[in-house]
Amino acid sequence: MRRTLPLLSLVILLLLLGACKATKKAYERGDYEQAVFNSIERLSKSPNHKKARQTLAQAYPDMVDFYQDRINSLKTGGDPLKWEQAVDYYSILDRAYTEIQRIPAARNTISRPVNVQTELNDAKFKAAEVRYALGTQGIEAGKKGDREAAKQAYNHFQQAMKFKPGYRDAEQKMLEAQDLATIYVQIQPIPMHSRTLALSNEFFENQLTEYIRNAPFSPFVRFFSAREAEARKREPDQVILMIFDEFVVGQAYVKETVYNRVRDSVVVGEVEIAKDSVVDVYGTVKAEMHQFQKEISSGGLLDFRIIDTRTEAILSQRKFPGTYIWYDRWGYYNGDERALANEDKEFMRRRRESPNPPPQDLFIEFTKPIFNQVTGFVSDYYRNY
């Protein structure tokens, strides 16, 4: 313990010295913000830290002058979004004011920190005002068919509410802009030519529709089914068409393999060589093993298209393949079971084939990889639409 304490103290001292040097270097290279906040943090842990007090006393006035000059330059500039940068600068000064007031040692060092709360609120109001005006212009352009302008309007109103929550009717305007910018995509039912597989096709469609509705797409894309389109009474901007170019369900293949198993040195009996004396007789045992393996393959190719309803142009087309193979194994043997290896016995546990799975189940299985491909493509296509 006597050796550990001095070493620990030395480590702490070195860390403090290193932090002090970093703070001083930050001030010397003009990074007043880092120098100020590092000094305040140091004083919160060590109120009598002389160098931290000196650095804070030097860096804080310089930081205030630096950001005030930047703010004054912004105010005379022509950038319509200048108030947002002013908000950032005022926020730094406001944070410094709050931290100085919170830490007694810092408050004793800077007796009159600059309170910019009024200026910060005013800058936020003006930033919201500018964004609101830009958003209003974007809505007017969106009403004339400029979708990109409507998207920008949505972002402007969103930013306006960020600076001033509840600012005027910004939320209502944002929703209006979103509606003008939104592409409505109708998902057409997938045609099928087999009543037997209709249930499976419905399952595939339902899973796909549910995924598309809940996936994190762009806020300017809405999906709905053909049935919902009738209720909405709104023509879609795009249509997703899907059809199976081809599919096969339940194509079976059975393979039989015959193996001859021979095992030596197996006890096949016993011989009495004297009274009360019996010895084992060793010999060779044989077995003929029949192994069966059945494969039922299913697969298909889905043609996927996105159509622009106004121009009837194909915006995108893909072919998505899917396969699924169902396996079954069984077997039997003739001869002596002792000739069989453990692996053979495991195989022989089932002597009869299993019933074939229903076609609907096979259809669902081979559409699973297609589902993954379709959802992945749709997510990428519409994520930033």
# chains A, B, ... in the order shown; residues from 1 in each chain; ligands from 1
>>> residues_around(residues="Phe66 (chain A)", least_positions_apart="3", cutoff="10 Å", atoms="only C-alpha atoms", output="PDB file with N, CA and C atoms, in the first residue's frame")
ATOM      1  N   GLY A  30      -5.727  29.736 -30.573  1.00  0.00           N
ATOM      2  CA  GLY A  30      -6.954  30.457 -30.870  1.00  0.00           C
ATOM      3  C   GLY A  30      -8.228  29.668 -30.695  1.00  0.00           C
ATOM      4  N   TYR A  32     -10.503  29.283 -28.462  1.00  0.00           N
ATOM      5  CA  TYR A  32     -10.957  29.848 -27.194  1.00  0.00           C
ATOM      6  C   TYR A  32     -12.050  29.003 -26.547  1.00  0.00           C
ATOM      7  N   GLU A  33     -12.910  28.445 -27.362  1.00  0.00           N
ATOM      8  CA  GLU A  33     -14.010  27.641 -26.822  1.00  0.00           C
ATOM      9  C   GLU A  33     -13.481  26.461 -26.013  1.00  0.00           C
ATOM     10  N   TYR A  60     -11.813  33.608 -21.838  1.00  0.00           N
ATOM     11  CA  TYR A  60     -13.240  33.932 -21.910  1.00  0.00           C
ATOM     12  C   TYR A  60     -13.502  35.266 -22.616  1.00  0.00           C
ATOM     13  N   PRO A  61     -12.837  36.365 -22.248  1.00  0.00           N
ATOM     14  CA  PRO A  61     -13.085  37.632 -22.969  1.00  0.00           C
ATOM     15  C   PRO A  61     -12.756  37.510 -24.454  1.00  0.00           C
ATOM     16  N   ASP A  62     -11.685  36.769 -24.754  1.00  0.00           N
ATOM     17  CA  ASP A  62     -11.320  36.591 -26.168  1.00  0.00           C
ATOM     18  C   ASP A  62     -12.393  35.797 -26.907  1.00  0.00           C
ATOM     19  N   MET A  63     -12.955  34.791 -26.244  1.00  0.00           N
ATOM     20  CA  MET A  63     -14.012  33.997 -26.877  1.00  0.00           C
ATOM     21  C   MET A  63     -15.242  34.852 -27.140  1.00  0.00           C
ATOM     22  N   ASP A  69     -17.859  39.309 -32.836  1.00  0.00           N
ATOM     23  CA  ASP A  69     -17.424  39.810 -34.148  1.00  0.00           C
ATOM     24  C   ASP A  69     -18.023  38.976 -35.277  1.00  0.00           C
ATOM     25  N   ARG A  70     -18.026  37.646 -35.083  1.00  0.00           N
ATOM     26  CA  ARG A  70     -18.598  36.776 -36.115  1.00  0.00           C
ATOM     27  C   ARG A  70     -20.091  37.030 -36.284  1.00  0.00           C
ATOM     28  N   ILE A  71     -20.774  37.240 -35.182  1.00  0.00           N
ATOM     29  CA  ILE A  71     -22.215  37.500 -35.236  1.00  0.00           C
ATOM     30  C   ILE A  71     -22.500  38.830 -35.932  1.00  0.00           C
ATOM     31  N   TYR A  89     -23.560  30.386 -32.607  1.00  0.00           N
ATOM     32  CA  TYR A  89     -22.583  31.194 -31.858  1.00  0.00           C
ATOM     33  C   TYR A  89     -23.157  31.647 -30.514  1.00  0.00           C
TER      34      TYR A  89
END
>>> select_by_dssp(residues="region 46-253 of chain A", states="helix (DSSP H, G or I)", output="MDAnalysis selection string")
chainID A and resid 50:76 82:102 104:109 117:143 147:163 170:181 195:214 226:232
>>> closest_residue(among="A:Tyr67, A:Asp237, A:Ile110, A:Glu41", to="Ala313 (chain A)", atoms="only C-alpha atoms")
A:Asp237
>>> residues_around(residues="Asp169 (chain A)", least_positions_apart="3", cutoff="12 Å", atoms="only C-alpha atoms", output="VMD selection string")
chain A and resid 128 to 129 132 to 133 135 to 136 157 to 158 160 to 161 164 to 166 172 to 176
>>> closest_atom_pairs(of="region 107-186 of chain A", to="region 229-234 of chain A", cutoff="10 Å", atoms="only C-alpha atoms", output="JSON lines")
{"residue": "A:Tyr184", "atom": "CA", "partner": "A:Arg234", "partner_atom": "CA", "distance": 8.8}
{"residue": "A:Val185", "atom": "CA", "partner": "A:Ala229", "partner_atom": "CA", "distance": 9.6}
{"residue": "A:Gln186", "atom": "CA", "partner": "A:Ala229", "partner_atom": "CA", "distance": 7.2}
>>> closest_residue(among="A:Glu312, A:Val278, A:Gln159, A:Arg261", to="Asn342 (chain A)", atoms="only C-alpha atoms")
A:Arg261
>>> select_by_dssp(residues="region 8-235 of chain A", states="strand (DSSP E)", output="list in words")
Ile183, Tyr184, Val185, Gln186, Ile187, Val221, Arg222, Phe223, Phe224 and Ser225 of chain A
>>> residues_around(residues="Ser265 (chain A)", least_positions_apart="3", cutoff="10 Å", atoms="only C-alpha atoms", output="MDAnalysis selection string")
chainID A and resid 268 281:285
>>> write_last_selection(atoms="N, CA and C atoms", output="compact mmCIF listing (two decimals), in the first residue's frame")
# COMPACT_ATOMS: atom_id res chain seq x y z
N VAL A 268 -20.15 -64.91 -33.30
CA VAL A 268 -21.29 -65.53 -33.96
C VAL A 268 -21.81 -66.75 -33.20
N VAL A 281 -16.99 -67.89 -30.49
CA VAL A 281 -16.60 -68.20 -31.88
C VAL A 281 -16.77 -66.91 -32.68
N TYR A 282 -15.73 -66.50 -33.36
CA TYR A 282 -15.75 -65.28 -34.16
C TYR A 282 -15.92 -65.61 -35.63
N GLY A 283 -16.62 -64.70 -36.33
CA GLY A 283 -16.80 -64.90 -37.76
C GLY A 283 -17.10 -63.59 -38.45
N THR A 284 -17.57 -63.68 -39.67
CA THR A 284 -17.89 -62.51 -40.50
C THR A 284 -19.40 -62.40 -40.67
N VAL A 285 -19.91 -61.16 -40.51
CA VAL A 285 -21.34 -60.91 -40.72
C VAL A 285 -21.51 -59.93 -41.88
>>> atom_distance(atom1="CA of Asp328 (chain A)", atom2="CA of Asp245 (chain A)")
28.6 Å
>>> closest_residue(among="A:Leu301, A:Leu208, A:Val279, A:Leu362", to="Gln251 (chain A)", atoms="only C-alpha atoms")
A:Leu362
>>> residues_around(residues="Gly331 (chain A)", least_positions_apart="6", cutoff="10 Å", atoms="only C-alpha atoms", output="VMD selection string")
chain A and resid 256 to 258 289 to 293 344 to 353
>>> residues_around(residues="Gly299 (chain A)", least_positions_apart="4", cutoff="6 Å", atoms="only C-alpha atoms", output="list in words")
Phe247, Val248, Gly322, Thr323 and Phe366 of chain A
>>> write_last_selection(atoms="N, CA, C and O atoms", output="mmCIF file, in the first residue's frame")
data_model
loop_
_atom_site.group_PDB
_atom_site.id
_atom_site.type_symbol
_atom_site.label_atom_id
_atom_site.label_comp_id
_atom_site.auth_asym_id
_atom_site.auth_seq_id
_atom_site.Cartn_x
_atom_site.Cartn_y
_atom_site.Cartn_z
ATOM 1 N N PHE A 247 -42.992 -20.863 -62.479
ATOM 2 C CA PHE A 247 -42.730 -21.488 -61.191
ATOM 3 C C PHE A 247 -43.127 -22.955 -61.254
ATOM 4 O O PHE A 247 -44.032 -23.354 -61.986
ATOM 5 N N VAL A 248 -42.375 -23.750 -60.493
ATOM 6 C CA VAL A 248 -42.610 -25.185 -60.405
ATOM 7 C C VAL A 248 -42.698 -25.541 -58.936
ATOM 8 O O VAL A 248 -41.846 -25.146 -58.147
ATOM 9 N N GLY A 322 -36.109 -17.622 -56.958
ATOM 10 C CA GLY A 322 -36.193 -18.267 -55.654
ATOM 11 C C GLY A 322 -36.298 -19.771 -55.818
ATOM 12 O O GLY A 322 -36.961 -20.260 -56.742
ATOM 13 N N THR A 323 -35.626 -20.512 -54.950
ATOM 14 C CA THR A 323 -35.681 -21.982 -54.990
ATOM 15 C C THR A 323 -35.784 -22.523 -53.572
ATOM 16 O O THR A 323 -35.372 -21.873 -52.609
ATOM 17 N N PHE A 366 -40.306 -21.357 -51.298
ATOM 18 C CA PHE A 366 -39.457 -20.858 -52.382
ATOM 19 C C PHE A 366 -39.647 -19.363 -52.614
ATOM 20 O O PHE A 366 -38.806 -18.711 -53.251
#
>>> atom_distance(atom1="CA of Ala105 (chain A)", atom2="CA of Asn121 (chain A)")
28.1 Å
>>> residues_around(residues="Gln137 (chain A)", least_positions_apart="4", cutoff="10 Å", atoms="only C-alpha atoms", output="PyMOL selection string")
chain A and resi 131-133+141-142+149-150+152-153
>>> write_last_selection(atoms="N, CA, C and O atoms", output="CSV table (one decimal), in the first residue's frame")
chain,number,residue,atom,x,y,z
A,131,ARG,N,-37.0,30.5,-42.3
A,131,ARG,CA,-37.3,29.1,-42.8
A,131,ARG,C,-38.8,29.1,-43.2
A,131,ARG,O,-39.2,28.4,-44.1
A,132,TYR,N,-39.7,29.7,-42.4
A,132,TYR,CA,-41.1,29.7,-42.7
A,132,TYR,C,-41.4,30.4,-44.0
A,132,TYR,O,-42.2,29.9,-44.9
A,133,ALA,N,-40.7,31.5,-44.3
A,133,ALA,CA,-40.9,32.3,-45.6
A,133,ALA,C,-40.4,31.4,-46.7
A,133,ALA,O,-41.0,31.3,-47.8
A,141,ALA,N,-44.4,26.7,-55.3
A,141,ALA,CA,-43.8,26.1,-56.4
A,141,ALA,C,-44.2,24.6,-56.5
A,141,ALA,O,-44.4,24.1,-57.6
A,142,GLY,N,-44.5,24.0,-55.3
A,142,GLY,CA,-44.9,22.6,-55.3
A,142,GLY,C,-46.3,22.5,-55.9
A,142,GLY,O,-46.6,21.5,-56.5
A,149,ALA,N,-39.1,21.3,-54.9
A,149,ALA,CA,-39.4,22.5,-54.1
A,149,ALA,C,-40.3,22.2,-52.9
A,149,ALA,O,-40.1,22.7,-51.8
A,150,ALA,N,-41.2,21.3,-53.1
A,150,ALA,CA,-42.1,20.9,-52.0
A,150,ALA,C,-41.4,20.1,-51.0
A,150,ALA,O,-41.6,20.3,-49.8
A,152,GLN,N,-38.2,20.6,-50.3
A,152,GLN,CA,-37.4,21.5,-49.6
A,152,GLN,C,-38.3,22.3,-48.6
A,152,GLN,O,-37.9,22.7,-47.5
A,153,ALA,N,-39.5,22.6,-49.0
A,153,ALA,CA,-40.4,23.3,-48.2
A,153,ALA,C,-40.7,22.5,-46.9
A,153,ALA,O,-40.8,23.1,-45.8
>>> atom_distance(atom1="CA of Arg329 (chain A)", atom2="CA of Lys286 (chain A)")
22.6 Å
